[in-house]
file entry-v9.pdb (PDB, C-alpha atoms and all ligand atoms)
ATOM      1  CA  MET A   7      33.980 -26.491   7.365
ATOM      2  CA  SER A   8      31.030 -26.820   9.750
ATOM      3  CA  THR A   9      27.711 -25.107   9.182
ATOM      4  CA  ILE A  10      26.678 -22.257  11.470
ATOM      5  CA  ALA A  11      23.197 -23.210  12.718
ATOM      6  CA  ILE A  12      20.311 -20.770  12.938
ATOM      7  CA  SER A  13      18.119 -21.071  16.043
ATOM      8  CA  GLU A  14      14.385 -20.485  15.858
ATOM      9  CA  PRO A  15      14.461 -17.051  17.581
ATOM     10  CA  GLU A  16      17.342 -16.002  15.288
ATOM     11  CA  PHE A  17      15.359 -17.168  12.266
ATOM     12  CA  LEU A  18      12.188 -15.319  13.327
ATOM     13  CA  SER A  19      14.044 -12.108  13.979
ATOM     14  CA  LEU A  20      16.040 -12.197  10.706
ATOM     15  CA  ARG A  21      13.066 -13.110   8.562
ATOM     16  CA  ASP A  22      11.089 -10.165   9.985
ATOM     17  CA  SER A  23      13.896  -7.753   9.101
ATOM     18  CA  ILE A  24      14.115  -9.234   5.590
ATOM     19  CA  ARG A  25      10.356  -9.041   5.056
ATOM     20  CA  GLU A  26      10.284  -5.457   6.256
ATOM     21  CA  ARG A  27      13.076  -4.396   3.945
ATOM     22  CA  PHE A  28      12.513  -6.439   0.751
ATOM     23  CA  GLY A  29       9.072  -8.032   1.126
ATOM     24  CA  ILE A  30      10.586 -11.488   0.611
ATOM     25  CA  PHE A  31       8.949 -13.782   3.172
ATOM     26  CA  TYR A  32      10.659 -16.910   4.488
ATOM     27  CA  ASP A  33       7.850 -19.026   5.944
ATOM     28  CA  ASP A  34       8.423 -21.612   8.693
ATOM     29  CA  THR A  35       9.442 -24.274   6.175
ATOM     30  CA  LYS A  36      12.344 -22.119   4.915
ATOM     31  CA  GLN A  37      14.448 -21.870   8.075
ATOM     32  CA  PHE A  38      17.201 -24.081   6.667
ATOM     33  CA  LEU A  39      17.087 -22.431   3.266
ATOM     34  CA  LEU A  40      17.805 -19.094   4.948
ATOM     35  CA  GLN A  41      20.518 -20.702   7.062
ATOM     36  CA  SER A  42      22.265 -22.043   3.986
ATOM     37  CA  ARG A  43      21.843 -18.895   1.863
ATOM     38  CA  LEU A  44      23.469 -16.764   4.557
ATOM     39  CA  GLN A  45      26.456 -18.970   5.476
ATOM     40  CA  THR A  46      28.965 -17.121   3.314
ATOM     41  CA  ARG A  47      27.686 -13.735   4.503
ATOM     42  CA  LEU A  48      28.345 -14.717   8.121
ATOM     43  CA  LEU A  49      31.854 -15.912   7.273
ATOM     44  CA  LYS A  50      32.598 -12.867   5.156
ATOM     45  CA  ASN A  51      31.658 -10.580   8.039
ATOM     46  CA  ARG A  52      33.267 -12.794  10.701
ATOM     47  CA  CYS A  53      30.020 -13.371  12.564
ATOM     48  CA  GLU A  54      30.067 -16.548  14.626
ATOM     49  CA  THR A  55      26.310 -16.704  15.166
ATOM     50  CA  PHE A  56      23.174 -15.543  13.364
ATOM     51  CA  ALA A  57      22.452 -13.279  16.338
ATOM     52  CA  ALA A  58      25.801 -11.538  15.733
ATOM     53  CA  TYR A  59      24.949 -11.215  12.032
ATOM     54  CA  GLY A  60      21.571  -9.687  12.965
ATOM     55  CA  ARG A  61      23.412  -7.103  15.052
ATOM     56  CA  TYR A  62      25.805  -6.447  12.148
ATOM     57  CA  LEU A  63      22.800  -5.696   9.921
ATOM     58  CA  THR A  64      21.420  -3.153  12.360
ATOM     59  CA  THR A  65      24.490  -1.469  13.836
ATOM     60  CA  SER A  66      27.511  -1.830  11.543
ATOM     61  CA  PRO A  67      28.620   1.312   9.681
ATOM     62  CA  LYS A  68      28.724  -0.990   6.627
ATOM     63  CA  ARG A  69      25.161  -2.278   7.121
ATOM     64  CA  GLU A  70      23.762  -0.691   3.951
ATOM     65  CA  GLU A  71      26.427  -2.407   1.815
ATOM     66  CA  GLU A  72      25.556  -5.662   3.544
ATOM     67  CA  TRP A  73      21.845  -5.221   2.804
ATOM     68  CA  ASP A  74      22.795  -4.674  -0.853
ATOM     69  CA  GLU A  75      24.679  -7.989  -0.780
ATOM     70  CA  LEU A  76      21.624  -9.625   0.782
ATOM     71  CA  ALA A  77      19.416  -8.295  -2.002
ATOM     72  CA  SER A  78      21.421 -10.471  -4.397
ATOM     73  CA  VAL A  79      21.753 -13.476  -2.099
ATOM     74  CA  LEU A  80      18.124 -13.745  -0.983
ATOM     75  CA  SER A  81      16.283 -13.421  -4.255
ATOM     76  CA  ASN A  82      15.316 -16.222  -6.591
ATOM     77  CA  ASN A  83      16.410 -15.050 -10.033
ATOM     78  CA  GLU A  84      14.898 -17.858 -12.109
ATOM     79  CA  THR A  85      13.788 -16.496 -15.496
ATOM     80  CA  TYR A  86      14.064 -17.196 -19.223
ATOM     81  CA  PHE A  87      13.279 -15.622 -22.593
ATOM     82  CA  PHE A  88       9.656 -15.870 -23.831
ATOM     83  CA  ARG A  89       8.409 -17.007 -20.416
ATOM     84  CA  GLU A  90       4.590 -17.073 -20.133
ATOM     85  CA  ARG A  91       4.337 -16.026 -23.751
ATOM     86  CA  ALA A  92       0.567 -15.397 -23.935
ATOM     87  CA  GLN A  93       0.839 -12.194 -21.874
ATOM     88  CA  LEU A  94       3.687 -10.955 -24.053
ATOM     89  CA  ASP A  95       1.427 -11.503 -27.062
ATOM     90  CA  VAL A  96      -1.253  -9.337 -25.409
ATOM     91  CA  LEU A  97       1.254  -6.497 -25.144
ATOM     92  CA  ALA A  98       2.441  -6.935 -28.743
ATOM     93  CA  SER A  99      -1.141  -6.943 -30.072
ATOM     94  CA  GLU A 100      -3.565  -4.974 -27.861
ATOM     95  CA  GLY A 101      -0.880  -2.921 -26.141
ATOM     96  CA  VAL A 102       0.548  -1.788 -29.481
ATOM     97  CA  ASP A 103      -2.945  -1.199 -30.974
ATOM     98  CA  GLU A 104      -3.798   1.152 -28.130
ATOM     99  CA  ALA A 105      -0.436   2.925 -28.305
ATOM    100  CA  LEU A 106      -0.891   3.526 -32.038
ATOM    101  CA  ARG A 107      -4.397   4.912 -31.477
ATOM    102  CA  ALA A 108      -3.176   7.197 -28.678
ATOM    103  CA  GLY A 109      -0.344   8.980 -30.478
ATOM    104  CA  GLY A 110       2.163   6.230 -31.107
ATOM    105  CA  ARG A 111       4.224   5.935 -27.919
ATOM    106  CA  LEU A 112       4.471   2.751 -25.818
ATOM    107  CA  ARG A 113       5.970   2.823 -22.314
ATOM    108  CA  VAL A 114       6.668  -0.525 -20.649
ATOM    109  CA  TRP A 115       8.173  -1.310 -17.237
ATOM    110  CA  SER A 116       9.527  -4.763 -16.421
ATOM    111  CA  SER A 117       9.597  -4.159 -12.682
ATOM    112  CA  ALA A 118      11.378  -7.283 -11.388
ATOM    113  CA  CYS A 119      13.391  -8.187 -14.441
ATOM    114  CA  SER A 120      16.004 -10.368 -12.746
ATOM    115  CA  THR A 121      18.812 -11.013 -15.269
ATOM    116  CA  GLY A 122      17.014  -9.243 -18.134
ATOM    117  CA  GLU A 123      15.395 -11.996 -20.184
ATOM    118  CA  GLU A 124      11.878 -10.519 -19.759
ATOM    119  CA  PRO A 125      12.563  -6.945 -20.975
ATOM    120  CA  TYR A 126      14.811  -8.188 -23.803
ATOM    121  CA  THR A 127      12.012 -10.521 -24.911
ATOM    122  CA  ILE A 128       9.609  -7.568 -24.970
ATOM    123  CA  ALA A 129      12.098  -5.560 -27.041
ATOM    124  CA  MET A 130      12.610  -8.450 -29.488
ATOM    125  CA  MET A 131       8.897  -9.025 -29.945
ATOM    126  CA  LEU A 132       8.191  -5.344 -30.585
ATOM    127  CA  LEU A 133      11.100  -5.118 -33.028
ATOM    128  CA  ASP A 134      10.007  -8.265 -34.784
ATOM    129  CA  GLY A 135       6.365  -7.146 -34.993
ATOM    130  CA  LYS A 136       7.489  -4.012 -36.939
ATOM    131  CA  ARG A 137       4.270  -2.241 -35.926
ATOM    132  CA  ILE A 138       5.804   0.473 -33.778
ATOM    133  CA  PRO A 139       9.217   2.060 -34.389
ATOM    134  CA  PRO A 140      11.780   1.395 -31.626
ATOM    135  CA  HIS A 141      12.285   5.116 -31.031
ATOM    136  CA  ASN A 142       8.627   5.314 -29.966
ATOM    137  CA  VAL A 143       9.072   2.561 -27.392
ATOM    138  CA  THR A 144      10.435   2.982 -23.862
ATOM    139  CA  ILE A 145      11.314  -0.199 -21.976
ATOM    140  CA  ARG A 146      12.446   0.321 -18.400
ATOM    141  CA  ALA A 147      13.659  -2.693 -16.474
ATOM    142  CA  SER A 148      14.430  -2.871 -12.777
ATOM    143  CA  ASP A 149      15.261  -5.314 -10.026
ATOM    144  CA  LEU A 150      16.298  -5.401  -6.395
ATOM    145  CA  SER A 151      19.406  -7.510  -6.956
ATOM    146  CA  PRO A 152      22.548  -5.626  -8.048
ATOM    147  CA  ARG A 153      24.108  -8.886  -9.264
ATOM    148  CA  ALA A 154      21.127  -9.782 -11.448
ATOM    149  CA  LEU A 155      21.167  -6.282 -12.941
ATOM    150  CA  GLU A 156      24.866  -6.527 -13.720
ATOM    151  CA  LYS A 157      24.204  -9.700 -15.676
ATOM    152  CA  ALA A 158      21.250  -8.070 -17.438
ATOM    153  CA  ARG A 159      23.396  -5.138 -18.544
ATOM    154  CA  THR A 160      26.061  -7.507 -19.858
ATOM    155  CA  GLY A 161      23.463  -9.248 -22.022
ATOM    156  CA  PHE A 162      25.256 -12.601 -22.205
ATOM    157  CA  TYR A 163      23.159 -15.781 -21.848
ATOM    158  CA  ARG A 164      23.598 -19.544 -21.818
ATOM    159  CA  GLU A 165      21.410 -22.439 -22.889
ATOM    160  CA  LEU A 166      18.946 -22.491 -19.976
ATOM    161  CA  SER A 167      17.740 -18.982 -20.744
ATOM    162  CA  PHE A 168      16.683 -20.142 -24.233
ATOM    163  CA  ARG A 169      14.431 -23.045 -23.199
ATOM    164  CA  ALA A 170      11.313 -21.355 -24.658
ATOM    165  CA  THR A 171      12.915 -19.241 -27.381
ATOM    166  CA  PRO A 172      11.893 -19.901 -30.988
ATOM    167  CA  PRO A 173      15.105 -20.801 -32.907
ATOM    168  CA  GLU A 174      14.457 -18.112 -35.530
ATOM    169  CA  MET A 175      14.490 -15.465 -32.766
ATOM    170  CA  VAL A 176      17.861 -16.757 -31.549
ATOM    171  CA  ALA A 177      19.215 -16.531 -35.089
ATOM    172  CA  LYS A 178      17.866 -13.003 -35.575
ATOM    173  CA  TYR A 179      18.527 -11.317 -32.261
ATOM    174  CA  PHE A 180      21.592 -13.001 -30.712
ATOM    175  CA  LYS A 181      25.283 -13.296 -31.544
ATOM    176  CA  PRO A 182      27.032 -16.561 -30.580
ATOM    177  CA  PHE A 183      30.042 -16.090 -28.332
ATOM    178  CA  GLN A 184      32.041 -18.949 -26.771
ATOM    179  CA  THR A 185      29.607 -20.967 -24.614
ATOM    180  CA  GLY A 186      26.578 -18.716 -25.084
ATOM    181  CA  PHE A 187      25.085 -15.724 -26.864
ATOM    182  CA  PHE A 188      25.125 -11.951 -26.604
ATOM    183  CA  VAL A 189      21.858 -10.150 -27.171
ATOM    184  CA  ALA A 190      22.040  -8.011 -30.344
ATOM    185  CA  ASP A 191      22.793  -4.304 -29.954
ATOM    186  CA  GLU A 192      19.500  -3.217 -31.529
ATOM    187  CA  VAL A 193      17.650  -5.098 -28.741
ATOM    188  CA  LYS A 194      19.991  -3.950 -25.996
ATOM    189  CA  ARG A 195      19.616  -0.303 -26.989
ATOM    190  CA  MET A 196      15.871  -0.486 -26.310
ATOM    191  CA  VAL A 197      16.151  -1.400 -22.616
ATOM    192  CA  GLU A 198      17.201   0.863 -19.759
ATOM    193  CA  PHE A 199      18.092  -0.915 -16.488
ATOM    194  CA  PHE A 200      17.937   0.540 -13.001
ATOM    195  CA  ARG A 201      17.639  -0.649  -9.420
ATOM    196  CA  ILE A 202      14.493  -0.280  -7.353
ATOM    197  CA  ASN A 203      12.931  -1.888  -4.304
ATOM    198  CA  LEU A 204       9.250  -2.407  -5.122
ATOM    199  CA  LEU A 205       8.379  -1.792  -1.461
ATOM    200  CA  ASP A 206       9.453   1.817  -1.887
ATOM    201  CA  ALA A 207       6.151   3.382  -3.031
ATOM    202  CA  LYS A 208       7.717   6.821  -3.477
ATOM    203  CA  ALA A 209      10.387   5.413  -5.808
ATOM    204  CA  VAL A 210       7.738   3.434  -7.718
ATOM    205  CA  ALA A 211       5.649   6.581  -8.264
ATOM    206  CA  GLY A 212       8.842   8.386  -9.360
ATOM    207  CA  VAL A 213       9.474   5.944 -12.216
ATOM    208  CA  GLY A 214       6.820   7.752 -14.275
ATOM    209  CA  ILE A 215       3.646   6.712 -16.044
ATOM    210  CA  HIS A 216       3.532   3.545 -18.159
ATOM    211  CA  ASP A 217       1.139   1.800 -20.502
ATOM    212  CA  ALA A 218       2.115  -1.615 -19.150
ATOM    213  CA  ILE A 219       3.859  -2.981 -16.077
ATOM    214  CA  PHE A 220       5.194  -6.529 -15.830
ATOM    215  CA  CYS A 221       5.597  -7.824 -12.269
ATOM    216  CA  ARG A 222       5.758 -11.556 -12.853
ATOM    217  CA  ASN A 223       6.829 -14.288 -10.458
ATOM    218  CA  VAL A 224       7.703 -11.900  -7.658
ATOM    219  CA  LEU A 225       4.528 -11.545  -5.595
ATOM    220  CA  ILE A 226       4.691 -15.260  -4.745
ATOM    221  CA  TYR A 227       7.645 -14.428  -2.471
ATOM    222  CA  PHE A 228       5.610 -11.778  -0.591
ATOM    223  CA  ASP A 229       2.822 -12.149   1.979
ATOM    224  CA  LYS A 230      -0.669 -10.814   1.139
ATOM    225  CA  PRO A 231      -0.356  -7.362   2.793
ATOM    226  CA  THR A 232       2.940  -6.790   0.950
ATOM    227  CA  GLN A 233       1.430  -7.960  -2.351
ATOM    228  CA  LYS A 234      -1.358  -5.409  -1.893
ATOM    229  CA  ARG A 235       1.103  -2.666  -1.009
ATOM    230  CA  VAL A 236       3.111  -3.299  -4.197
ATOM    231  CA  VAL A 237       0.218  -3.547  -6.659
ATOM    232  CA  ASP A 238      -1.485  -0.491  -5.135
ATOM    233  CA  ALA A 239       1.764   1.452  -5.559
ATOM    234  CA  PHE A 240       1.850   0.457  -9.246
ATOM    235  CA  ALA A 241      -1.403   2.380  -9.758
ATOM    236  CA  ALA A 242       0.675   5.583  -9.532
ATOM    237  CA  ALA A 243       2.920   4.355 -12.364
ATOM    238  CA  LEU A 244       0.193   3.182 -14.776
ATOM    239  CA  ARG A 245      -2.060   5.251 -17.001
ATOM    240  CA  PRO A 246      -5.799   4.651 -16.557
ATOM    241  CA  GLY A 247      -6.566   1.484 -18.522
ATOM    242  CA  GLY A 248      -2.881   0.479 -18.422
ATOM    243  CA  PHE A 249      -1.936  -3.214 -18.337
ATOM    244  CA  LEU A 250      -0.623  -5.029 -15.263
ATOM    245  CA  PHE A 251       0.846  -8.468 -15.975
ATOM    246  CA  LEU A 252       1.482 -10.833 -13.051
ATOM    247  CA  GLY A 253       2.814 -14.406 -13.030
ATOM    248  CA  HIS A 254       0.555 -17.426 -13.652
ATOM    249  CA  ALA A 255       0.566 -18.378  -9.985
ATOM    250  CA  GLU A 256      -0.194 -14.848  -8.777
ATOM    251  CA  SER A 257      -3.667 -13.394  -8.315
ATOM    252  CA  ILE A 258      -4.820 -10.081  -6.869
ATOM    253  CA  MET A 259      -8.536 -10.662  -7.491
ATOM    254  CA  ARG A 260      -9.642 -10.155  -3.892
ATOM    255  CA  LEU A 261      -6.733  -8.015  -2.813
ATOM    256  CA  THR A 262      -7.363  -4.598  -4.337
ATOM    257  CA  ASP A 263     -10.091  -2.771  -6.224
ATOM    258  CA  LEU A 264      -7.768  -0.590  -8.301
ATOM    259  CA  TYR A 265      -7.685  -3.042 -11.232
ATOM    260  CA  ASP A 266     -10.151  -4.922 -13.430
ATOM    261  CA  PRO A 267      -9.138  -8.499 -14.220
ATOM    262  CA  VAL A 268      -9.198  -9.595 -17.863
ATOM    263  CA  ILE A 269      -9.505 -13.338 -18.393
ATOM    264  CA  THR A 270      -9.087 -14.719 -21.907
ATOM    265  CA  ALA A 271      -8.625 -18.301 -23.087
ATOM    266  CA  LYS A 272      -4.840 -17.845 -23.062
ATOM    267  CA  ALA A 273      -3.936 -15.167 -20.549
ATOM    268  CA  ILE A 274      -4.984 -13.439 -17.361
ATOM    269  CA  TYR A 275      -3.965  -9.848 -16.733
ATOM    270  CA  TYR A 276      -5.275  -6.661 -15.100
ATOM    271  CA  ARG A 277      -6.147  -3.173 -16.257
ATOM    272  CA  ARG A 278      -5.890  -0.121 -14.089
ATOM    273  CA  LYS A 279      -9.387   1.211 -13.458
ATOM    274  CA  THR A 280     -10.159   4.543 -15.087
TER
HETATM  275  C1  LIG B 301      11.841 -15.181 -10.171
HETATM  276  S1  LIG B 301      12.452 -13.630 -10.663
HETATM  277  C2  LIG B 301      11.246 -13.155 -11.882
HETATM  278  C3  LIG B 301      11.868 -12.612 -13.158
HETATM  279  C4  LIG B 301      10.892 -12.310 -14.281
HETATM  280  N1  LIG B 301       9.938 -11.294 -13.894
HETATM  281  C5  LIG B 301      10.189 -13.559 -14.751
HETATM  282  O1  LIG B 301       8.982 -13.712 -14.504
HETATM  283  O2  LIG B 301      10.817 -14.406 -15.380
HETATM  284  C6  LIG B 301      11.996 -12.623  -9.242
HETATM  285  C7  LIG B 301      12.787 -11.331  -9.143
HETATM  286  O3  LIG B 301      12.139 -10.465  -8.198
HETATM  287  C8  LIG B 301      13.134  -9.675  -7.602
HETATM  288  N2  LIG B 301      12.630  -9.089  -6.344
HETATM  289  C9  LIG B 301      12.353  -9.712  -5.178
HETATM  290  N3  LIG B 301      11.966  -8.822  -4.256
HETATM  291  C10 LIG B 301      12.001  -7.604  -4.848
HETATM  292  C11 LIG B 301      11.726  -6.281  -4.401
HETATM  293  N4  LIG B 301      11.338  -6.023  -3.152
HETATM  294  N5  LIG B 301      11.871  -5.263  -5.281
HETATM  295  C12 LIG B 301      12.283  -5.506  -6.563
HETATM  296  N6  LIG B 301      12.549  -6.742  -7.039
HETATM  297  C13 LIG B 301      12.417  -7.774  -6.197
HETATM  298  C14 LIG B 301      14.276 -10.658  -7.389
HETATM  299  O4  LIG B 301      15.522  -9.990  -7.226
HETATM  300  C15 LIG B 301      14.207 -11.527  -8.644
HETATM  301  O5  LIG B 301      15.128 -11.113  -9.612
END

call {"tool": "encode", "arguments": {"input": "entry-v9.pdb", "output": "structure tokens", "more": "lines below"}}
Ligand SMILES: C[S@@+](CC[C@H](N)C(=O)[O-])C[C@H]1O[C@@H](n2cnc3c(N)ncnc32)[C@H](O)[C@@H]1O
result
Amino acid sequence: MSTIAISEPEFLSLRDSIRERFGIFYDDTKQFLLQSRLQTRLLKNRCETFAAYGRYLTTSPKREEEWDELASVLSNNETYFFRERAQLDVLASEGVDEALRAGGRLRVWSSACSTGEEPYTIAMMLLDGKRIPPHNVTIRASDLSPRALEKARTGFYRELSFRATPPEMVAKYFKPFQTGFFVADEVKRMVEFFRINLLDAKAVAGVGIHDAIFCRNVLIYFDKPTQKRVVDAFAAALRPGGFLFLGHAESIMRLTDLYDPVITAKAIYYRRKT
């Protein structure tokens, strides 16, 4: 089967629509990545050219379903348990200390959770720390990709997801099943999954107030104005002094003045200004 080629004008037009809708930015080096990621979508919808597919996305009565498909196809869902552990330790120590001082409740939002490894890690660490009872903890977890969320809700994982997991945590919080493991029910019960587009500031504000938001390894796919838009919107979903955790390669130091950076020997994170 031959590949349907994307021309430069087709690429520029499609990438603008994608950036506008999801924030995900395909720079000039990613023309062929986009071409290859969308091949099956073109075939599925019987579009012979990328221009025809662009028209399908704007005029078809089924365009919203197609955008939902794209949300799964276009995102990079790479993740694993205990990723960038130092920030998780900050939540389990300082985050829990503050929650205990302020009445005992801890509200966490893993805002681009992909297939669920990040929020389940948070749940496991809080359970294992035994400092705060699970019924006093709320862990919300969201993503743009319906397919990633389906996998997260299933809670079944294979070897690659465990590359940074201490073996004793696997033994304690997972049940072996065929070629992988199911996350234990006590961990699963702590996490509530839902779908959200982080570009939708109204929806972000509607998620409620949290003590900590994780938004790790997502902003790298956005351009600077979109990064600012997303982190500014988080201010409406964080209590004053609340924690914002971004990925190692992501910095908002000169992007917004709504947060104070905290730089320790092991971790960098942000706190919402009071
Ligand atoms: C590389 S994963 C990061 C997963 C996890 N936070 C981690 O650090 O391991 C990036 C996730 O961001 C999600 N994403 C991309 N654009 C998004 C948007 N506009 N709104 C919500 N999630 C988005 C993708 O679907 C993907 O699952």

call {"tool": "residues_near_ligand", "arguments": {"input": "entry-v9.pdb", "ligand": "ligand LIG 301 (chain B)", "cutoff": "6 Å", "atoms": "only C-alpha atoms and all ligand atoms", "output": "ChimeraX atom specification"}}
result
/A:28-30,81-86,118-120,124,149-151,202-205,221-224

call {"tool": "residues_around", "arguments": {"input": "entry-v9.pdb", "residues": "A:Glu90", "least_positions_apart": "6", "cutoff": "10 Å", "atoms": "all atoms listed in the file", "output": "list of chain:residue names"}}
result
A:Glu124, A:Ala170, A:Arg222, A:Leu252, A:Gly253, A:His254, A:Lys272, A:Ala273

call {"tool": "resolve_selection", "arguments": {"input": "entry-v9.pdb", "expression": "the PyMOL selection byres (((chain A and resi 154-165) around 8) and not hetatm)", "output": "PyMOL selection string"}}
result
chain A and resi 78+83+120-123+148-149+151-153+166-169+185-189+194+199-201

call {"tool": "resolve_selection", "arguments": {"input": "entry-v9.pdb", "expression": "the PyMOL selection byres (((chain A and resi 34) around 12) and not hetatm)", "output": "list of chain:residue names"}}
result
A:Glu14, A:Pro15, A:Phe17, A:Leu18, A:Arg21, A:Asp22, A:Phe31, A:Tyr32, A:Asp33, A:Thr35, A:Lys36, A:Gln37, A:Phe38, A:Leu39, A:Leu40

call {"tool": "atom_distance", "arguments": {"input": "entry-v9.pdb", "atom1": "atom CA of A:Leu133", "atom2": "atom CA of A:Arg89"}}
result
17.5 Å

call {"tool": "resolve_selection", "arguments": {"input": "entry-v9.pdb", "expression": "the PyMOL selection byres (((chain A and resi 143) around 9) and not hetatm)", "output": "list of chain:residue names"}}
result
A:Gly110, A:Arg111, A:Leu112, A:Arg113, A:Val114, A:Ala129, A:Leu132, A:Ile138, A:Pro139, A:Pro140, A:His141, A:Asn142, A:Thr144, A:Ile145, A:Met196

call {"tool": "closest_residue", "arguments": {"input": "entry-v9.pdb", "among": "A:Leu225, A:Asp95, A:Phe87, A:Glu104", "to": "A:Thr171", "atoms": "all atoms listed in the file"}}
result
A:Phe87

call {"tool": "residues_near_point", "arguments": {"input": "entry-v9.pdb", "point": "(4.7, 2.6, -2.4)", "cutoff": "7 Å", "atoms": "all atoms listed in the file", "output": "VMD selection string"}}
result
chain A and resid 205 to 208 210 235 to 236 239

call {"tool": "residues_around", "arguments": {"input": "entry-v9.pdb", "residues": "stretch 47-57 of chain A", "least_positions_apart": "4", "cutoff": "10 Å", "atoms": "only C-alpha atoms", "output": "NGL selection string"}}
result
:A and (10-13 or 15-17 or 19-20 or 41-43 or 61-63 or 72 or 75-76 or 79)

call {"tool": "closest_residue", "arguments": {"input": "entry-v9.pdb", "among": "A:Val197, A:Thr232, A:Val268, A:Ala190", "to": "A:Val176", "atoms": "only C-alpha atoms"}}
result
A:Ala190

call {"tool": "atom_distance", "arguments": {"input": "entry-v9.pdb", "atom1": "atom CA of A:Tyr276", "atom2": "atom CA of A:Phe251"}}
result
6.4 Å

call {"tool": "closest_residue", "arguments": {"input": "entry-v9.pdb", "among": "A:Asp191, A:Glu256, A:Asp217, A:Asp74", "to": "A:Val237", "atoms": "all atoms listed in the file"}}
result
A:Glu256

call {"tool": "residues_around", "arguments": {"input": "entry-v9.pdb", "residues": "A:Gly247", "least_positions_apart": "4", "cutoff": "9 Å", "atoms": "all atoms listed in the file", "output": "list in words"}}
result
Asp217, Tyr265, Asp266, Tyr276, Arg277, Arg278, Lys279 and Thr280 of chain A

call {"tool": "write_last_selection", "arguments": {"input": "entry-v9.pdb", "atoms": "C-alpha atoms", "output": "mmCIF file, in the frame of the given file"}}
result
data_model
loop_
_atom_site.group_PDB
_atom_site.id
_atom_site.type_symbol
_atom_site.label_atom_id
_atom_site.label_comp_id
_atom_site.auth_asym_id
_atom_site.auth_seq_id
_atom_site.Cartn_x
_atom_site.Cartn_y
_atom_site.Cartn_z
ATOM 1 C CA ASP A 217 1.139 1.800 -20.502
ATOM 2 C CA TYR A 265 -7.685 -3.042 -11.232
ATOM 3 C CA ASP A 266 -10.151 -4.922 -13.430
ATOM 4 C CA TYR A 276 -5.275 -6.661 -15.100
ATOM 5 C CA ARG A 277 -6.147 -3.173 -16.257
ATOM 6 C CA ARG A 278 -5.890 -0.121 -14.089
ATOM 7 C CA LYS A 279 -9.387 1.211 -13.458
ATOM 8 C CA THR A 280 -10.159 4.543 -15.087
#

call {"tool": "atom_distance", "arguments": {"input": "entry-v9.pdb", "atom1": "atom CA of A:Glu100", "atom2": "atom CA of A:Ala147"}}
result
20.8 Å
